[in-house]
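Colleague: Before I ask anything, let me first share the structure, which is written out below as structure tokens.
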Amino acid sequence: MTRLRETLNDIADEAPPVNLADAAIAGYRRRRRLTTGAAALATAVVLAAATAATTVPWQGQQPAVSQRTGTVPDLPAGKVGPLGYAYRTLCEVDAQRNVSCDAVEWRVVTAAGVTYRVPQAVGETAAGRVAPISISRDGRMLAYYSRQARAHVVRDLVTGAETTSPVTVEEDRIGAGSMLVVSDDGRYLVFDPRVGSKYPGTLIDVRTGRTVPLDGRYEAVGVKGGVVELVRYVKTDLWLMPVTGGGKPVRFKGPHIMFNEVSPDGRTVVALHWDRDLRELKDNTLTVLDVRTGRTVRKLAIRGLPDDKGGILSTGPWVSGHEFTVVYGLFGGRFSTYAVDAGTGRARRLTGYRKADSFLVVPGVNDVNK
Amino acid sequence: MDRHDGFREFVLTRQQALMRTAYLLTGDAHLAEDLLQSVLMKVVRQWHKLSKDGNPEAYTRKALVNQYISWKRRPRPEVPSSDLPERDVSHDDATLDRIVLRQALDRLTPKQRAVIVLRFREDLSEAQTAEILGCAVGTVKSQTHHALARLRAVAPELAHLLSEPEIVEVAR
């Protein structure tokens with residue numbers, strides 16, 4: 001036996017024991033019932049259509065029944081499964097070009113592709129500001145602002161558990177460019193009333209109600225493993241602050257934007273070096289930075305992105321030990337996420353999104369198109 | 001006597017071996033279980049015919065590999081996992097090989113991965129592999145060559161596994 005076969009056998013040994021006979025038989029019977037039922041339903045529909053064709057004169061007199069094919073169900077209570085992304089619906093513009101944002105709402109799309117309305121999440125505040133939502137890196141946690149609770153709510157889509165933050169936040173605190181970040185375990189929220197302003201943000205422990213003020217000049221990238229990743233854009237400084245407070249920032253040479261979360265080995269972070277000519281943005285080149293010394297580790301030219309005059313909109317979480325994500329804006333307004341090999345720069349496409357209504361939110365990336 | 005008794009007996013005796021193959025193909029216990037269950041649902045539908053004049057095991061194995069390739073072809077949203085790879089843990093050589101090979105297999109195309117599993121674990125001939133994959137023997141040869149080359153490229157530390165004479169011979 002070759003050592004390759006031995007190793008493959010070792011991997012195969014990790015397969016858990018299964019007992020699938022009855023499950024397969026039950027699945028087969030269920031599918032057969034559905035197929036038989038669908039055939040019967042199809043027959044009934046054909047019959048009904050034939051009947052309707054002979055009763056058309058009554059049709060116009062019947063009360064109108066709401067049959068909007070695009071009706072989206074509300075997010076149900078309980079287990080829904082992890083989310084793929086979220087978006088905010090557009091304001092309505094009537095024939096006289098009057099704009100109404102009253103019906104603006106957040107919608108979530110599960111990883112399985114089902115869309116739900118989230119009416120309990122405020123889409124737009126009374127003052128006309130966007131109330132942000134956040135999806136954790138693994139799509140499991142959804143955080144939003146609830147008008148009824150006057151606080152943020154964290155919903156675990158896998159277990160169905162819902163936690164309302166004990167910290168009251170008045171709606172009018174949500175300013176222009178407000179930001180919300182939820183941790184993977186749903187315990188911590190970063191609420192920034194106005195990113196990049198003097199107004200401080202707040203780290204909220206939704207279990208205990210404990211809060212830690214955050215320097216308003218910093219923007220939160222994520223909360224992971226008990227550490228809040230904060231970036232101050234002008235200089236640029238990165239501050240890996242424990243959730244209890246403390247720590248100190250490291251400074252990078254030159255301005256950088258679009259930081260992603262710290263790499264799995266805790267050593268580097270990826271960002272875009274900013275210059276007035278946007279040269280590195282045009283070349284799809286990112287910079288790998290050392291989080292301890294602030295030095296540039298290397299330039300990473302990304303290969304395999306579409307050549308369509310679009311561009312990188314945001315960096316995102318790591319999907320493995322060697323690949324991180326980027327959100328790419330395609331020419332024409334659509335979006336795609338790509339996994340980029342941090343060593344070679346080779347990009348592979350993960351997911352495409354339709355032309356988002358507005359404010360696309362993907363797991364671990366807050367609002368890629370604001 | 002239930003008309004599914006024969007199917008039950010077949011599953012009872014073969015399910016663990018099939019599950020091992022499914023696990024090697026997918027690299028994920030839940031996906032492997034889903035894959036095998038969906039294939040067994042097809043098998044139970046065909047059981048009457050298969051038990052009379054067919055080879056249930058060969059049919060199931062073929063369906064398993066083809067279903068896996070078909071699943072991988074379908075665009076599926078990939079959700080970043082919160083589980084990051086383990087670091088700074090010492091392992092013995094065999095464990096290290098297993099971990100590196102698992103990761104390297106994830107970097108192969110579905111067909112390349114299937115070829116590696118069928119040729120080097122199931123020990124099938126090129127002709128048998130071609131029959132399962134529904135392709136020419138020449139395609140199996142080239143897929144094997146490319147799969148091994150890719151494994152060598154993405155995991156140079158597996159050179160000792162991939163340079164054994166039997167493997168080199170197969171890749172020729």
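Ligands are numbered from 1 in the order shown, residues from 1 within each chain, and chains are lettered A, B, ... in the order they appear in the structure tokens.
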Show me, as a PyMOL selection string, every residue of chain A with an atom at most 6 Å from chain B, counting only C-alpha atoms.

Modeller: chain A and resi 3-5+7+12+15+21+24+28+138+319+321+351

Colleague: Give me the residues near Leu133 of chain B as a list of chain:residue names, where near means some atom within 10 Å (using only C-alpha atoms) and where sequence neighbours in that chain fewer than 2 positions away do not count.

Modeller: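 Once the adjacent positions are removed, what remains is B:Lys62, B:Ala63, B:Val65, B:Asn66, B:Ile69, B:Lys111, B:Ala114, B:Val115, B:Leu118, B:Ala127, B:Gln128, B:Thr129, B:Ala130, B:Glu131, B:Cys135, B:Ala136, B:Val137, B:Thr139, B:Val140.
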
Colleague: Could you dump the residues just selected with C-alpha atoms as a PDB file, in the first residue's frame?

Modeller:
ATOM      1  CA  LYS B  62     -20.859   5.986  -9.888  1.00  0.00           C
ATOM      2  CA  ALA B  63     -23.862   8.043  -8.769  1.00  0.00           C
ATOM      3  CA  VAL B  65     -18.994  10.583  -7.775  1.00  0.00           C
ATOM      4  CA  ASN B  66     -21.207  12.133 -10.435  1.00  0.00           C
ATOM      5  CA  ILE B  69     -19.126  16.676  -9.368  1.00  0.00           C
ATOM      6  CA  LYS B 111     -12.884  15.846 -11.234  1.00  0.00           C
ATOM      7  CA  ALA B 114     -12.486  12.283  -7.752  1.00  0.00           C
ATOM      8  CA  VAL B 115      -9.646  10.840  -9.830  1.00  0.00           C
ATOM      9  CA  LEU B 118     -10.782   6.542  -7.247  1.00  0.00           C
ATOM     10  CA  ALA B 127     -10.687   1.981 -17.395  1.00  0.00           C
ATOM     11  CA  GLN B 128     -12.817   1.532 -14.258  1.00  0.00           C
ATOM     12  CA  THR B 129     -12.306   5.180 -13.301  1.00  0.00           C
ATOM     13  CA  ALA B 130     -13.242   6.278 -16.810  1.00  0.00           C
ATOM     14  CA  GLU B 131     -16.404   4.160 -16.603  1.00  0.00           C
ATOM     15  CA  CYS B 135     -15.140   9.901 -19.741  1.00  0.00           C
ATOM     16  CA  ALA B 136     -12.355   8.539 -21.927  1.00  0.00           C
ATOM     17  CA  VAL B 137      -9.368   6.690 -20.487  1.00  0.00           C
ATOM     18  CA  THR B 139      -9.079  12.001 -19.862  1.00  0.00           C
ATOM     19  CA  VAL B 140      -8.450   9.951 -16.714  1.00  0.00           C
TER      20      VAL B 140
END

Colleague: Can you list every residue in segment 51-284 of chain A that DSSP puts in helix (DSSP H, G or I), as a PyMOL selection string?

Modeller: chain A and resi 51-54+56-59+171-173+279-282

Colleague: Those same residues - C-alpha atoms - I'd like them written as a PDB file, in the first residue's frame.

Modeller:
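Output (again-v4.pdb):
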ATOM      1  CA  THR A  51     -63.168  26.714 -15.868  1.00  0.00           C
ATOM      2  CA  ALA A  52     -62.008  30.325 -15.519  1.00  0.00           C
ATOM      3  CA  ALA A  53     -61.931  30.697 -19.269  1.00  0.00           C
ATOM      4  CA  THR A  54     -65.646  30.065 -19.357  1.00  0.00           C
ATOM      5  CA  VAL A  56     -64.544  35.558 -17.611  1.00  0.00           C
ATOM      6  CA  PRO A  57     -67.543  37.916 -17.435  1.00  0.00           C
ATOM      7  CA  TRP A  58     -67.576  37.712 -13.647  1.00  0.00           C
ATOM      8  CA  GLN A  59     -63.914  38.373 -13.301  1.00  0.00           C
ATOM      9  CA  GLU A 171     -33.004  56.821  17.529  1.00  0.00           C
ATOM     10  CA  ASP A 172     -31.777  60.355  17.001  1.00  0.00           C
ATOM     11  CA  ARG A 173     -28.261  59.278  17.990  1.00  0.00           C
ATOM     12  CA  ARG A 279      -2.941  54.018  -8.774  1.00  0.00           C
ATOM     13  CA  GLU A 280      -3.090  50.905  -6.615  1.00  0.00           C
ATOM     14  CA  LEU A 281      -6.873  50.830  -6.766  1.00  0.00           C
ATOM     15  CA  LYS A 282      -6.696  50.947 -10.558  1.00  0.00           C
TER      16      LYS A 282
END

Colleague: Give me the residues near segment 213-220 of chain A as a list in words, where near means some atom within 8 Å (using only C-alpha atoms) and where sequence neighbours in that chain fewer than 4 positions away do not count.

Modeller: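 Skipping anything fewer than 4 positions along the chain leaves Val181, Val190, Asp192, Val195, Gly196, Ser197, Lys198, Tyr199, Pro200, Gly201, Thr202, Leu203, Val228, Glu229, Leu230, Val231, Arg232 and Tyr233 of chain A.
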
Colleague: Take the residues that were just selected and, keeping C-alpha atoms, output them as a PDB file, in the first residue's frame.

Modeller:
ATOM      1  CA  VAL A 181     -20.501  45.796  13.780  1.00  0.00           C
ATOM      2  CA  VAL A 190     -19.805  48.329  18.041  1.00  0.00           C
ATOM      3  CA  ASP A 192     -20.612  54.276  15.879  1.00  0.00           C
ATOM      4  CA  VAL A 195     -17.925  57.282  11.491  1.00  0.00           C
ATOM      5  CA  GLY A 196     -14.863  59.469  11.297  1.00  0.00           C
ATOM      6  CA  SER A 197     -16.280  62.235  13.488  1.00  0.00           C
ATOM      7  CA  LYS A 198     -15.512  63.477  16.975  1.00  0.00           C
ATOM      8  CA  TYR A 199     -18.551  61.603  18.308  1.00  0.00           C
ATOM      9  CA  PRO A 200     -17.290  58.553  20.181  1.00  0.00           C
ATOM     10  CA  GLY A 201     -18.470  55.082  19.337  1.00  0.00           C
ATOM     11  CA  THR A 202     -19.544  52.509  21.893  1.00  0.00           C
ATOM     12  CA  LEU A 203     -18.604  48.885  22.373  1.00  0.00           C
ATOM     13  CA  VAL A 228     -11.830  45.115  18.561  1.00  0.00           C
ATOM     14  CA  GLU A 229      -9.958  46.076  15.413  1.00  0.00           C
ATOM     15  CA  LEU A 230     -10.012  49.845  15.060  1.00  0.00           C
ATOM     16  CA  VAL A 231      -8.561  51.948  12.280  1.00  0.00           C
ATOM     17  CA  ARG A 232      -7.818  55.663  12.208  1.00  0.00           C
ATOM     18  CA  TYR A 233      -7.696  56.614   8.587  1.00  0.00           C
TER      19      TYR A 233
END

Colleague: Find the distance between atom CA of Thr2 of chain A and atom CA of Ile132 of chain B and write it in Å to one decimal.

Modeller: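 Result for atom CA of Thr2 of chain A versus atom CA of Ile132 of chain B: 22.6 Å, one decimal.
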
Colleague: As a PyMOL selection string, please: the residues near Gly352 of chain A (cut-off 7 Å, only C-alpha atoms, same-chain neighbours under 5 positions excluded).

Modeller: chain A and resi 335-337

Colleague: Just all heavy atoms for this one: save the residues we selected as a PDB file, in the first residue's frame.

Modeller:
ATOM      1  N   PHE A 335     -22.310  43.318  -7.960  1.00  0.00           N
ATOM      2  CA  PHE A 335     -21.193  43.041  -7.064  1.00  0.00           C
ATOM      3  C   PHE A 335     -20.841  41.561  -7.104  1.00  0.00           C
ATOM      4  O   PHE A 335     -21.696  40.729  -7.351  1.00  0.00           O
ATOM      5  CB  PHE A 335     -21.559  43.365  -5.611  1.00  0.00           C
ATOM      6  CG  PHE A 335     -22.004  44.767  -5.392  1.00  0.00           C
ATOM      7  CD1 PHE A 335     -23.340  45.108  -5.500  1.00  0.00           C
ATOM      8  CD2 PHE A 335     -21.082  45.750  -5.078  1.00  0.00           C
ATOM      9  CE1 PHE A 335     -23.761  46.399  -5.296  1.00  0.00           C
ATOM     10  CE2 PHE A 335     -21.495  47.049  -4.877  1.00  0.00           C
ATOM     11  CZ  PHE A 335     -22.831  47.383  -4.983  1.00  0.00           C
ATOM     12  N   SER A 336     -19.593  41.271  -6.810  1.00  0.00           N
ATOM     13  CA  SER A 336     -19.180  39.879  -6.620  1.00  0.00           C
ATOM     14  C   SER A 336     -18.185  39.846  -5.478  1.00  0.00           C
ATOM     15  O   SER A 336     -17.462  40.822  -5.248  1.00  0.00           O
ATOM     16  CB  SER A 336     -18.485  39.332  -7.866  1.00  0.00           C
ATOM     17  OG  SER A 336     -19.398  39.164  -8.911  1.00  0.00           O
ATOM     18  N   THR A 337     -18.147  38.714  -4.772  1.00  0.00           N
ATOM     19  CA  THR A 337     -17.069  38.541  -3.794  1.00  0.00           C
ATOM     20  C   THR A 337     -16.070  37.548  -4.362  1.00  0.00           C
ATOM     21  O   THR A 337     -16.436  36.615  -5.073  1.00  0.00           O
ATOM     22  CB  THR A 337     -17.582  38.028  -2.439  1.00  0.00           C
ATOM     23  OG1 THR A 337     -18.465  36.943  -2.661  1.00  0.00           O
ATOM     24  CG2 THR A 337     -18.278  39.102  -1.653  1.00  0.00           C
TER      25      THR A 337
END

Colleague: So that I can see what lies close to segment 143-151 of chain A, please list as a PyMOL selection string the residues with an atom at most 7 Å from it, counting only C-alpha atoms and leaving out residues fewer than 4 positions away in the same chain.

Modeller: chain A and resi 120-122+131-135+155+164-165+167-171+182

Colleague: List the neighbours of Asp283 of chain A out to 10 Å using only C-alpha atoms; skip same-chain residues closer than 2 positions along the sequence, and give me the result as a PDB file with N, CA and C atoms, in the first residue's frame.

Modeller:
ATOM      1  N   LEU A 278      -5.115  57.197  -7.183  1.00  0.00           N
ATOM      2  CA  LEU A 278      -5.745  55.880  -7.020  1.00  0.00           C
ATOM      3  C   LEU A 278      -5.013  54.803  -7.823  1.00  0.00           C
ATOM      4  N   ARG A 279      -3.680  54.939  -7.904  1.00  0.00           N
ATOM      5  CA  ARG A 279      -2.941  54.018  -8.774  1.00  0.00           C
ATOM      6  C   ARG A 279      -3.132  52.561  -8.360  1.00  0.00           C
ATOM      7  N   GLU A 280      -3.019  52.301  -7.054  1.00  0.00           N
ATOM      8  CA  GLU A 280      -3.090  50.905  -6.615  1.00  0.00           C
ATOM      9  C   GLU A 280      -4.506  50.367  -6.695  1.00  0.00           C
ATOM     10  N   LEU A 281      -5.483  51.266  -6.596  1.00  0.00           N
ATOM     11  CA  LEU A 281      -6.873  50.830  -6.766  1.00  0.00           C
ATOM     12  C   LEU A 281      -7.105  50.441  -8.224  1.00  0.00           C
ATOM     13  N   THR A 285      -4.094  46.436  -6.646  1.00  0.00           N
ATOM     14  CA  THR A 285      -2.965  46.043  -5.797  1.00  0.00           C
ATOM     15  C   THR A 285      -3.249  46.405  -4.345  1.00  0.00           C
ATOM     16  N   LEU A 286      -3.109  45.441  -3.478  1.00  0.00           N
ATOM     17  CA  LEU A 286      -3.293  45.688  -2.051  1.00  0.00           C
ATOM     18  C   LEU A 286      -1.939  45.583  -1.347  1.00  0.00           C
ATOM     19  N   ALA A 301      -0.384  42.071  -5.885  1.00  0.00           N
ATOM     20  CA  ALA A 301      -1.139  42.364  -7.117  1.00  0.00           C
ATOM     21  C   ALA A 301      -2.163  41.253  -7.306  1.00  0.00           C
ATOM     22  N   ILE A 302      -3.431  41.629  -7.364  1.00  0.00           N
ATOM     23  CA  ILE A 302      -4.481  40.610  -7.448  1.00  0.00           C
ATOM     24  C   ILE A 302      -4.720  40.248  -8.907  1.00  0.00           C
ATOM     25  N   ARG A 303      -4.681  38.957  -9.187  1.00  0.00           N
ATOM     26  CA  ARG A 303      -4.905  38.467 -10.549  1.00  0.00           C
ATOM     27  C   ARG A 303      -6.207  37.680 -10.582  1.00  0.00           C
ATOM     28  N   GLY A 311     -14.045  47.835  -9.895  1.00  0.00           N
ATOM     29  CA  GLY A 311     -12.948  47.960  -8.944  1.00  0.00           C
ATOM     30  C   GLY A 311     -13.266  47.339  -7.605  1.00  0.00           C
ATOM     31  N   ILE A 312     -12.214  47.183  -6.791  1.00  0.00           N
ATOM     32  CA  ILE A 312     -12.391  46.622  -5.449  1.00  0.00           C
ATOM     33  C   ILE A 312     -13.108  47.661  -4.592  1.00  0.00           C
TER      34      ILE A 312
END

Colleague: Taking the backbone alone, and naming residues the way the document does, which bits of segment 146-303 of chain A are strand (DSSP E or B) by DSSP, as a PyMOL selection string?

Modeller: chain A and resi 146+151-156+162-164+179-182+188-192+201-205+211-214+219-224+227-232+237-242+250-251+256-257+268-273+285-290+296-301+303

Colleague: Can you tell me how far atom CA of Ile204 of chain A sits from atom CA of Arg187 of chain A, in Å to one decimal?

Modeller: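 Between these atoms lies a distance of 8.2 Å.
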
Colleague: Within 6 Å of Val269 of chain A, counting only C-alpha atoms, which residues qualify if same-chain residues fewer than 4 places away don't, as a ChimeraX atom specification?

Modeller: /A:262-263,288-289

Colleague: Could you dump the residues just selected with C-alpha atoms as a PDB file, in the first residue's frame?

Modeller:
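Everything below was put into part.pdb:
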ATOM      1  CA  VAL A 262      -6.168  40.584  11.029  1.00  0.00           C
ATOM      2  CA  SER A 263      -4.936  37.401   9.339  1.00  0.00           C
ATOM      3  CA  VAL A 288       0.104  43.415   3.300  1.00  0.00           C
ATOM      4  CA  LEU A 289       1.067  45.195   6.515  1.00  0.00           C
TER       5      LEU A 289
END

Colleague: To one decimal place in Å, what is the distance between atom CA of Leu31 of chain B and atom CA of Thr115 of chain A?

Modeller: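 Answer for the atom CA of Leu31 of chain B to atom CA of Thr115 of chain A separation: 23.5 Å.
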